[in-house]
$ cat query.txt   # compact mmCIF, C-alpha atoms and all ligand atoms
# COMPACT_ATOMS: atom_id res chain seq x y z
CA MET L 67 108.17 70.92 96.84
CA PRO L 68 111.83 70.17 96.01
CA ARG L 69 112.39 66.73 94.50
CA ILE L 70 114.44 63.88 95.91
CA ALA L 71 116.49 60.97 94.61
CA VAL L 72 116.46 57.75 96.62
CA LEU L 73 119.52 55.47 96.74
CA ALA L 74 118.78 51.83 97.58
CA SER L 75 120.36 48.37 97.36
CA GLY L 76 118.08 46.03 99.28
CA THR L 77 114.48 44.96 99.55
CA GLY L 78 113.32 48.53 99.11
CA SER L 79 110.85 48.59 101.97
CA ILE L 80 112.07 51.99 103.15
CA LEU L 81 111.97 53.25 99.55
CA GLU L 82 108.41 51.98 99.32
CA ALA L 83 107.45 53.92 102.44
CA LEU L 84 108.95 57.11 100.97
CA LEU L 85 106.98 56.62 97.75
CA GLU L 86 103.84 55.66 99.63
CA ALA L 87 104.12 58.92 101.58
CA GLY L 88 103.98 60.77 98.27
CA LEU L 89 107.45 62.29 98.47
CA PRO L 90 108.33 63.76 95.06
CA THR L 91 110.90 61.20 93.88
CA ALA L 92 112.53 61.93 90.53
CA VAL L 93 114.74 58.85 90.34
CA VAL L 94 115.91 55.79 92.25
CA ILE L 95 119.59 54.88 92.03
CA THR L 96 120.77 51.36 92.80
CA ASP L 97 124.27 49.91 92.91
CA ARG L 98 123.25 46.32 92.06
CA ALA L 99 120.25 44.29 90.93
CA CYS L 100 117.85 44.37 93.88
CA ALA L 101 114.17 44.26 94.79
CA ALA L 102 114.20 48.04 95.33
CA GLU L 103 114.35 48.41 91.53
CA ASP L 104 111.02 46.57 91.17
CA VAL L 105 109.48 48.69 93.92
CA ALA L 106 110.40 51.88 92.03
CA LEU L 107 109.33 50.60 88.62
CA ALA L 108 105.99 49.37 89.98
CA ARG L 109 105.28 52.95 90.99
CA GLY L 110 106.50 54.45 87.74
CA VAL L 111 109.67 55.97 89.17
CA PRO L 112 112.70 55.73 86.86
CA VAL L 113 115.54 53.52 88.03
CA ARG L 114 119.18 54.12 87.14
CA ARG L 115 121.52 51.35 88.17
CA VAL L 116 125.09 52.53 88.67
CA GLU L 117 126.49 49.05 88.86
CA ARG L 118 129.25 48.59 91.38
CA ALA L 119 131.87 46.58 89.52
CA SER L 120 133.89 45.49 92.54
CA PHE L 121 133.38 44.82 96.24
CA GLY L 122 137.10 44.22 96.70
CA PRO L 123 140.07 46.43 97.60
CA ASP L 124 140.33 47.63 93.98
CA PHE L 125 136.96 49.41 94.26
CA ASP L 126 137.44 53.04 93.22
CA ARG L 127 135.06 54.83 95.58
CA ASN L 128 135.75 58.29 94.24
CA ALA L 129 135.25 57.33 90.60
CA TYR L 130 132.06 55.46 91.51
CA THR L 131 130.74 58.48 93.41
CA CYS L 132 131.44 60.76 90.45
CA ASP L 133 129.43 58.35 88.25
CA VAL L 134 126.50 58.57 90.68
CA VAL L 135 126.68 62.39 90.72
CA GLU L 136 126.74 62.46 86.92
CA VAL L 137 123.73 60.16 86.62
CA LEU L 138 121.82 62.25 89.18
CA ALA L 139 122.56 65.63 87.58
CA PRO L 140 119.83 65.75 84.89
CA TYR L 141 117.11 64.91 87.42
CA GLY L 142 117.56 68.24 89.22
CA VAL L 143 116.95 66.88 92.70
CA SER L 144 117.55 68.96 95.81
CA VAL L 145 117.96 66.10 98.25
CA VAL L 146 119.52 62.62 98.09
CA ALA L 147 117.88 60.16 100.48
CA MET L 148 119.78 56.95 101.16
CA ALA L 149 117.50 54.04 102.00
CA GLY L 150 119.66 51.00 102.67
CA PHE L 151 122.24 51.91 100.02
CA GLY L 152 125.10 49.39 100.22
CA THR L 153 127.93 51.61 99.01
CA VAL L 154 129.61 54.30 101.07
CA LEU L 155 129.93 57.30 98.77
CA GLY L 156 132.92 59.63 98.54
CA GLU L 157 133.36 63.37 98.66
CA ALA L 158 131.77 64.25 95.30
CA ILE L 159 128.22 63.56 96.52
CA HIS L 160 128.70 65.82 99.55
CA ARG L 161 130.12 68.55 97.33
CA ALA L 162 127.21 68.32 94.88
CA TYR L 163 124.47 68.08 97.55
CA SER L 164 126.14 69.74 100.49
CA GLY L 165 124.19 69.17 103.72
CA ARG L 166 121.38 67.59 101.65
CA VAL L 167 122.34 63.91 101.69
CA LEU L 168 120.11 62.13 104.21
CA ASN L 169 120.30 58.64 105.68
CA THR L 170 118.34 56.34 107.95
CA HIS L 171 120.31 53.98 110.16
CA PRO L 172 119.01 51.12 112.35
CA SER L 173 120.51 52.18 115.69
CA LEU L 174 120.52 55.12 118.05
CA LEU L 175 123.60 56.86 116.66
CA PRO L 176 126.33 57.38 117.71
CA ALA L 177 125.89 53.85 119.08
CA PHE L 178 126.40 50.92 116.68
CA LYS L 179 127.64 52.52 113.49
CA GLY L 180 128.29 50.34 110.45
CA TRP L 181 126.58 47.62 108.47
CA HIS L 182 125.87 45.28 111.40
CA ALA L 183 124.13 47.76 113.67
CA VAL L 184 121.28 45.44 114.66
CA ALA L 185 123.49 42.40 115.29
CA ASP L 186 125.95 44.56 117.24
CA ALA L 187 123.19 45.98 119.45
CA LEU L 188 121.88 42.48 120.14
CA ALA L 189 125.38 41.17 120.90
CA ALA L 190 125.98 44.08 123.28
CA GLY L 191 122.90 43.03 125.26
CA VAL L 192 121.29 46.48 125.29
CA ASP L 193 117.61 46.59 126.26
CA GLU L 194 116.84 49.31 123.81
CA THR L 195 118.07 50.39 120.42
CA GLY L 196 116.23 52.20 117.64
CA CYS L 197 116.80 54.20 114.50
CA THR L 198 118.29 57.52 113.49
CA VAL L 199 117.61 59.83 110.57
CA HIS L 200 120.57 62.10 109.97
CA VAL L 201 122.33 64.32 107.50
CA ALA L 202 125.07 62.16 106.01
CA THR L 203 128.66 63.34 105.96
CA LEU L 204 131.87 61.86 104.62
CA GLU L 205 132.27 60.14 107.99
CA VAL L 206 130.09 56.99 107.83
CA ASP L 207 126.94 57.03 110.03
CA ASP L 208 127.81 60.44 111.35
CA GLY L 209 126.42 63.93 110.85
CA PRO L 210 123.63 66.02 112.39
CA VAL L 211 120.74 63.98 113.77
CA LEU L 212 117.30 64.99 112.46
CA ALA L 213 115.21 62.39 114.30
CA GLN L 214 115.59 59.35 116.51
CA GLU L 215 113.19 56.83 117.95
CA VAL L 216 113.76 54.14 120.52
CA VAL L 217 112.83 50.48 119.91
CA GLU L 218 112.81 48.12 122.87
CA VAL L 219 114.76 44.84 122.56
CA LEU L 220 112.40 41.99 123.48
CA PRO L 221 113.39 38.69 125.13
CA GLY L 222 114.33 35.98 122.59
CA GLU L 223 114.79 38.56 119.86
CA THR L 224 116.79 37.64 116.71
CA VAL L 225 118.55 40.04 114.34
CA LYS L 226 115.73 39.46 111.88
CA THR L 227 112.85 40.17 114.26
CA LEU L 228 114.57 43.17 115.82
CA HIS L 229 115.56 44.66 112.46
CA GLU L 230 112.02 44.22 111.17
CA ARG L 231 110.59 46.05 114.19
CA ILE L 232 113.14 48.84 113.73
CA LYS L 233 112.27 49.07 110.04
CA ARG L 234 108.60 49.40 110.94
CA VAL L 235 109.58 52.59 112.78
CA GLU L 236 111.92 53.75 109.99
CA ARG L 237 109.07 53.43 107.46
CA ARG L 238 107.16 56.04 109.47
CA LEU L 239 109.99 58.22 110.78
CA TYR L 240 112.06 58.57 107.59
CA PRO L 241 109.26 59.80 105.27
CA ALA L 242 108.03 62.25 107.93
CA THR L 243 111.54 63.58 108.53
CA VAL L 244 112.39 63.87 104.83
CA ARG L 245 109.13 65.77 104.30
CA ARG L 246 109.98 68.14 107.14
CA PHE L 247 113.46 68.64 105.67
CA LEU L 248 112.03 69.43 102.21
CA GLU L 249 109.56 71.89 103.73
CA SER L 250 112.38 73.66 105.54
CA LEU L 251 114.34 73.92 102.27
CA GLU L 252 111.27 75.34 100.60
CA GLU L 253 110.77 77.90 103.37
CA ALA L 254 114.44 78.91 103.24
CA SER L 255 114.22 79.58 99.49
CA ALA L 256 110.88 81.46 99.67
C1 LIG C 301 117.18 49.93 106.87
O1 LIG C 301 117.07 49.36 108.15
C2 LIG C 301 118.24 51.01 106.86
O2 LIG C 301 118.30 51.74 108.06
C3 LIG C 301 119.48 50.19 106.69
O3 LIG C 301 119.13 49.28 105.68
C4 LIG C 301 117.76 48.93 105.85
C5 LIG C 301 117.07 48.99 104.49
O4 LIG C 301 115.89 48.27 104.49
N1 LIG C 301 120.59 51.02 106.35
C6 LIG C 301 121.79 50.89 106.90
O5 LIG C 301 122.08 50.00 107.68
C7 LIG C 301 122.80 51.94 106.47
N2 LIG C 301 123.90 51.98 107.37
P1 LIG C 301 115.08 47.94 103.13
O6 LIG C 301 116.05 47.30 102.14
O7 LIG C 301 113.99 47.04 103.58
O8 LIG C 301 114.55 49.25 102.62
$ encode --input "query.txt" --output "structure tokens" --more "lines below"
Ligand code: GAR
Amino acid sequence: MPRIAVLASGTGSILEALLEAGLPTAVVITDRACAAEDVALARGVPVRRVERASFGPDFDRNAYTCDVVEVLAPYGVSVVAMAGFGTVLGEAIHRAYSGRVLNTHPSLLPAFKGWHAVADALAAGVDETGCTVHVATLEVDDGPVLAQEVVEVLPGETVKTLHERIKRVERRLYPATVRRFLESLEEASA
């Protein structure tokens, strides 16, 4: 089966689900020190931190993206799976892995794009939200949808409780969808 790289910045619970599902993961890339690094190392997966030097207006997104592409190159992965990666990447990643950069997002896209998807859904008073697995494009939280699942918003819900229930679904839906995607790549190259 083709191999993947996982890009993560947070607690790494989605990464853990991908590894738990036995997806062939050649490397984990992080942009900062984060718990996801420990998750990868505990399972013997190499971690390469491409440290993001700035979170300000001087951040050079294109140069940073080229660094990520360069670090990824020797691992020979077919697919890049973002799992809570905190940096929006530029064009170079989409050129290098065209149509093969995947993402999971905690809303029913196209609703509630961006980094505050769960808080925004709660603030909008919707009674259901969910998660979306999609092919990532240069446009943030856009691109062809591969899978979606609805999560009901319960009375008295907080961002934390709702996000955790969404993540419970993502931990099942993302690995299954990535696997299906890898199988379809394999079939196409057979
Ligand atoms: C997940 O909910 C993922 O959808 C979200 O970050 C969380 C990562 O959780 N990603 C985005 O919001 C990207 N727009 P984790 O750190 O526990 O794996």
$ residues_near_ligand --input "query.txt" --ligand "ligand LIG 301 (chain C)" --cutoff "6 Å" --atoms "all atoms listed in the file" --output "PyMOL selection string"
chain L and resi 76-81+149-150+170-172+180-181+233
$ closest_atom_pairs --input "query.txt" --of "segment 77-161 of chain L" --to "segment 188-203 of chain L" --cutoff "9 Å" --atoms "only C-alpha atoms" --output "CSV"
residue,atom,partner,partner_atom,distance
L:Met148,CA,L:Ala202,CA,8.9
L:Glu157,CA,L:Thr203,CA,8.7
L:His160,CA,L:Thr203,CA,6.9
$ atom_distance --input "query.txt" --atom1 "atom CA of Arg166 of chain L" --atom2 "atom CA of Leu228 of chain L"
29.0 Å
$ residues_around --input "query.txt" --residues "Thr227 of chain L" --least-positions-apart "5" --cutoff "12 Å" --atoms "all atoms listed in the file" --output "short mmCIF file (atom, residue, chain, number, x, y, z; two decimals) with C-alpha atoms, keeping the file's coordinate frame"
data_model
loop_
_atom_site.label_atom_id
_atom_site.label_comp_id
_atom_site.auth_asym_id
_atom_site.auth_seq_id
_atom_site.Cartn_x
_atom_site.Cartn_y
_atom_site.Cartn_z
CA VAL L 184 121.28 45.44 114.66
CA ALA L 185 123.49 42.40 115.29
CA LEU L 188 121.88 42.48 120.14
CA VAL L 217 112.83 50.48 119.91
CA GLU L 218 112.81 48.12 122.87
CA VAL L 219 114.76 44.84 122.56
CA LEU L 220 112.40 41.99 123.48
CA PRO L 221 113.39 38.69 125.13
CA GLY L 222 114.33 35.98 122.59
CA ILE L 232 113.14 48.84 113.73
CA LYS L 233 112.27 49.07 110.04
CA ARG L 234 108.60 49.40 110.94
#
$ atom_distance --input "query.txt" --atom1 "atom CA of Ala187 of chain L" --atom2 "atom CA of Arg231 of chain L"
13.7 Å
$ residues_around --input "query.txt" --residues "segment 123-130 of chain L" --least-positions-apart "3" --cutoff "7 Å" --atoms "all atoms listed in the file" --output "ChimeraX atom specification"
/L:120,133-134,155-156
$ atom_distance --input "query.txt" --atom1 "atom CA of Leu239 of chain L" --atom2 "atom CA of Arg115 of chain L"
26.3 Å
$ closest_residue --input "query.txt" --among "L:Val111, L:Leu73, L:Leu84, L:Leu212" --to "Thr96 of chain L" --atoms "only C-alpha atoms"
L:Leu73
$ residues_near_point --input "query.txt" --point "(106.9, 56.7, 105.0)" --cutoff "6 Å" --atoms "all atoms listed in the file" --output "list in words"
Ala83, Leu84, Ala87, Arg237, Arg238 and Pro241 of chain L
$ write_last_selection --input "query.txt" --atoms "C-alpha atoms" --output "tab-separated table (two decimals), in the frame of the given file"
chain	number	residue	atom	x	y	z
L	83	ALA	CA	107.45	53.92	102.44
L	84	LEU	CA	108.95	57.11	100.97
L	87	ALA	CA	104.12	58.92	101.58
L	237	ARG	CA	109.07	53.43	107.46
L	238	ARG	CA	107.16	56.04	109.47
L	241	PRO	CA	109.26	59.80	105.27
$ closest_residue --input "query.txt" --among "L:Pro140, L:Val154, L:Tyr240, L:Val206" --to "Phe178 of chain L" --atoms "all atoms listed in the file"
L:Val206
$ decode --input "query.txt" --residues "segment 166-186 of chain L" --atoms "N, CA, C and O atoms" --output "PDB file, in the first residue's frame"
ATOM      1  N   ARG L 166      -3.380  14.929  -3.614  1.00  0.00           N
ATOM      2  CA  ARG L 166      -3.085  13.865  -2.645  1.00  0.00           C
ATOM      3  C   ARG L 166      -2.730  14.434  -1.276  1.00  0.00           C
ATOM      4  O   ARG L 166      -2.044  13.802  -0.485  1.00  0.00           O
ATOM      5  N   VAL L 167      -3.191  15.659  -1.012  1.00  0.00           N
ATOM      6  CA  VAL L 167      -3.085  16.241   0.330  1.00  0.00           C
ATOM      7  C   VAL L 167      -4.476  16.151   0.943  1.00  0.00           C
ATOM      8  O   VAL L 167      -5.436  16.693   0.383  1.00  0.00           O
ATOM      9  N   LEU L 168      -4.589  15.436   2.057  1.00  0.00           N
ATOM     10  CA  LEU L 168      -5.909  15.229   2.670  1.00  0.00           C
ATOM     11  C   LEU L 168      -5.993  15.978   3.991  1.00  0.00           C
ATOM     12  O   LEU L 168      -4.985  16.259   4.631  1.00  0.00           O
ATOM     13  N   ASN L 169      -7.230  16.268   4.400  1.00  0.00           N
ATOM     14  CA  ASN L 169      -7.421  16.997   5.658  1.00  0.00           C
ATOM     15  C   ASN L 169      -8.711  16.525   6.321  1.00  0.00           C
ATOM     16  O   ASN L 169      -9.641  16.088   5.647  1.00  0.00           O
ATOM     17  N   THR L 170      -8.719  16.612   7.646  1.00  0.00           N
ATOM     18  CA  THR L 170      -9.975  16.418   8.378  1.00  0.00           C
ATOM     19  C   THR L 170     -10.293  17.719   9.093  1.00  0.00           C
ATOM     20  O   THR L 170      -9.402  18.380   9.638  1.00  0.00           O
ATOM     21  N   HIS L 171     -11.560  18.107   9.042  1.00  0.00           N
ATOM     22  CA  HIS L 171     -11.962  19.409   9.580  1.00  0.00           C
ATOM     23  C   HIS L 171     -13.210  19.224  10.455  1.00  0.00           C
ATOM     24  O   HIS L 171     -14.138  18.509  10.060  1.00  0.00           O
ATOM     25  N   PRO L 172     -13.254  19.894  11.626  1.00  0.00           N
ATOM     26  CA  PRO L 172     -14.361  19.649  12.555  1.00  0.00           C
ATOM     27  C   PRO L 172     -15.631  20.462  12.273  1.00  0.00           C
ATOM     28  O   PRO L 172     -16.142  21.163  13.156  1.00  0.00           O
ATOM     29  N   SER L 173     -16.134  20.378  11.058  1.00  0.00           N
ATOM     30  CA  SER L 173     -17.456  20.950  10.730  1.00  0.00           C
ATOM     31  C   SER L 173     -17.939  20.266   9.464  1.00  0.00           C
ATOM     32  O   SER L 173     -17.178  19.547   8.805  1.00  0.00           O
ATOM     33  N   LEU L 174     -19.186  20.532   9.124  1.00  0.00           N
ATOM     34  CA  LEU L 174     -19.723  20.014   7.872  1.00  0.00           C
ATOM     35  C   LEU L 174     -19.431  21.067   6.800  1.00  0.00           C
ATOM     36  O   LEU L 174     -20.239  21.960   6.568  1.00  0.00           O
ATOM     37  N   LEU L 175     -18.260  20.959   6.188  1.00  0.00           N
ATOM     38  CA  LEU L 175     -17.903  21.939   5.150  1.00  0.00           C
ATOM     39  C   LEU L 175     -18.939  21.900   4.040  1.00  0.00           C
ATOM     40  O   LEU L 175     -19.478  20.839   3.739  1.00  0.00           O
ATOM     41  N   PRO L 176     -19.286  23.035   3.416  1.00  0.00           N
ATOM     42  CA  PRO L 176     -18.572  24.313   3.495  1.00  0.00           C
ATOM     43  C   PRO L 176     -18.932  25.193   4.691  1.00  0.00           C
ATOM     44  O   PRO L 176     -18.465  26.333   4.760  1.00  0.00           O
ATOM     45  N   ALA L 177     -19.727  24.686   5.628  1.00  0.00           N
ATOM     46  CA  ALA L 177     -20.061  25.515   6.797  1.00  0.00           C
ATOM     47  C   ALA L 177     -18.869  25.567   7.753  1.00  0.00           C
ATOM     48  O   ALA L 177     -18.165  24.570   7.931  1.00  0.00           O
ATOM     49  N   PHE L 178     -18.665  26.705   8.376  1.00  0.00           N
ATOM     50  CA  PHE L 178     -17.685  26.903   9.435  1.00  0.00           C
ATOM     51  C   PHE L 178     -16.257  26.500   9.061  1.00  0.00           C
ATOM     52  O   PHE L 178     -15.672  25.589   9.647  1.00  0.00           O
ATOM     53  N   LYS L 179     -15.730  27.180   8.068  1.00  0.00           N
ATOM     54  CA  LYS L 179     -14.325  27.019   7.719  1.00  0.00           C
ATOM     55  C   LYS L 179     -13.476  27.715   8.786  1.00  0.00           C
ATOM     56  O   LYS L 179     -13.991  28.535   9.538  1.00  0.00           O
ATOM     57  N   GLY L 180     -12.199  27.414   8.802  1.00  0.00           N
ATOM     58  CA  GLY L 180     -11.271  28.157   9.670  1.00  0.00           C
ATOM     59  C   GLY L 180     -10.961  27.452  10.973  1.00  0.00           C
ATOM     60  O   GLY L 180     -11.444  26.352  11.241  1.00  0.00           O
ATOM     61  N   TRP L 181     -10.167  28.139  11.782  1.00  0.00           N
ATOM     62  CA  TRP L 181      -9.597  27.503  12.982  1.00  0.00           C
ATOM     63  C   TRP L 181     -10.562  27.445  14.154  1.00  0.00           C
ATOM     64  O   TRP L 181     -10.265  26.839  15.177  1.00  0.00           O
ATOM     65  N   HIS L 182     -11.726  28.130  14.041  1.00  0.00           N
ATOM     66  CA  HIS L 182     -12.640  28.141  15.189  1.00  0.00           C
ATOM     67  C   HIS L 182     -13.968  27.486  14.810  1.00  0.00           C
ATOM     68  O   HIS L 182     -15.039  27.940  15.225  1.00  0.00           O
ATOM     69  N   ALA L 183     -13.870  26.433  14.033  1.00  0.00           N
ATOM     70  CA  ALA L 183     -15.069  25.809  13.456  1.00  0.00           C
ATOM     71  C   ALA L 183     -16.070  25.362  14.526  1.00  0.00           C
ATOM     72  O   ALA L 183     -17.279  25.547  14.361  1.00  0.00           O
ATOM     73  N   VAL L 184     -15.566  24.823  15.621  1.00  0.00           N
ATOM     74  CA  VAL L 184     -16.476  24.279  16.647  1.00  0.00           C
ATOM     75  C   VAL L 184     -17.140  25.439  17.400  1.00  0.00           C
ATOM     76  O   VAL L 184     -18.363  25.455  17.581  1.00  0.00           O
ATOM     77  N   ALA L 185     -16.334  26.423  17.788  1.00  0.00           N
ATOM     78  CA  ALA L 185     -16.879  27.603  18.485  1.00  0.00           C
ATOM     79  C   ALA L 185     -17.874  28.338  17.586  1.00  0.00           C
ATOM     80  O   ALA L 185     -18.932  28.795  18.051  1.00  0.00           O
ATOM     81  N   ASP L 186     -17.559  28.441  16.313  1.00  0.00           N
ATOM     82  CA  ASP L 186     -18.438  29.164  15.386  1.00  0.00           C
ATOM     83  C   ASP L 186     -19.775  28.431  15.220  1.00  0.00           C
ATOM     84  O   ASP L 186     -20.836  29.063  15.155  1.00  0.00           O
TER      85      ASP L 186
END
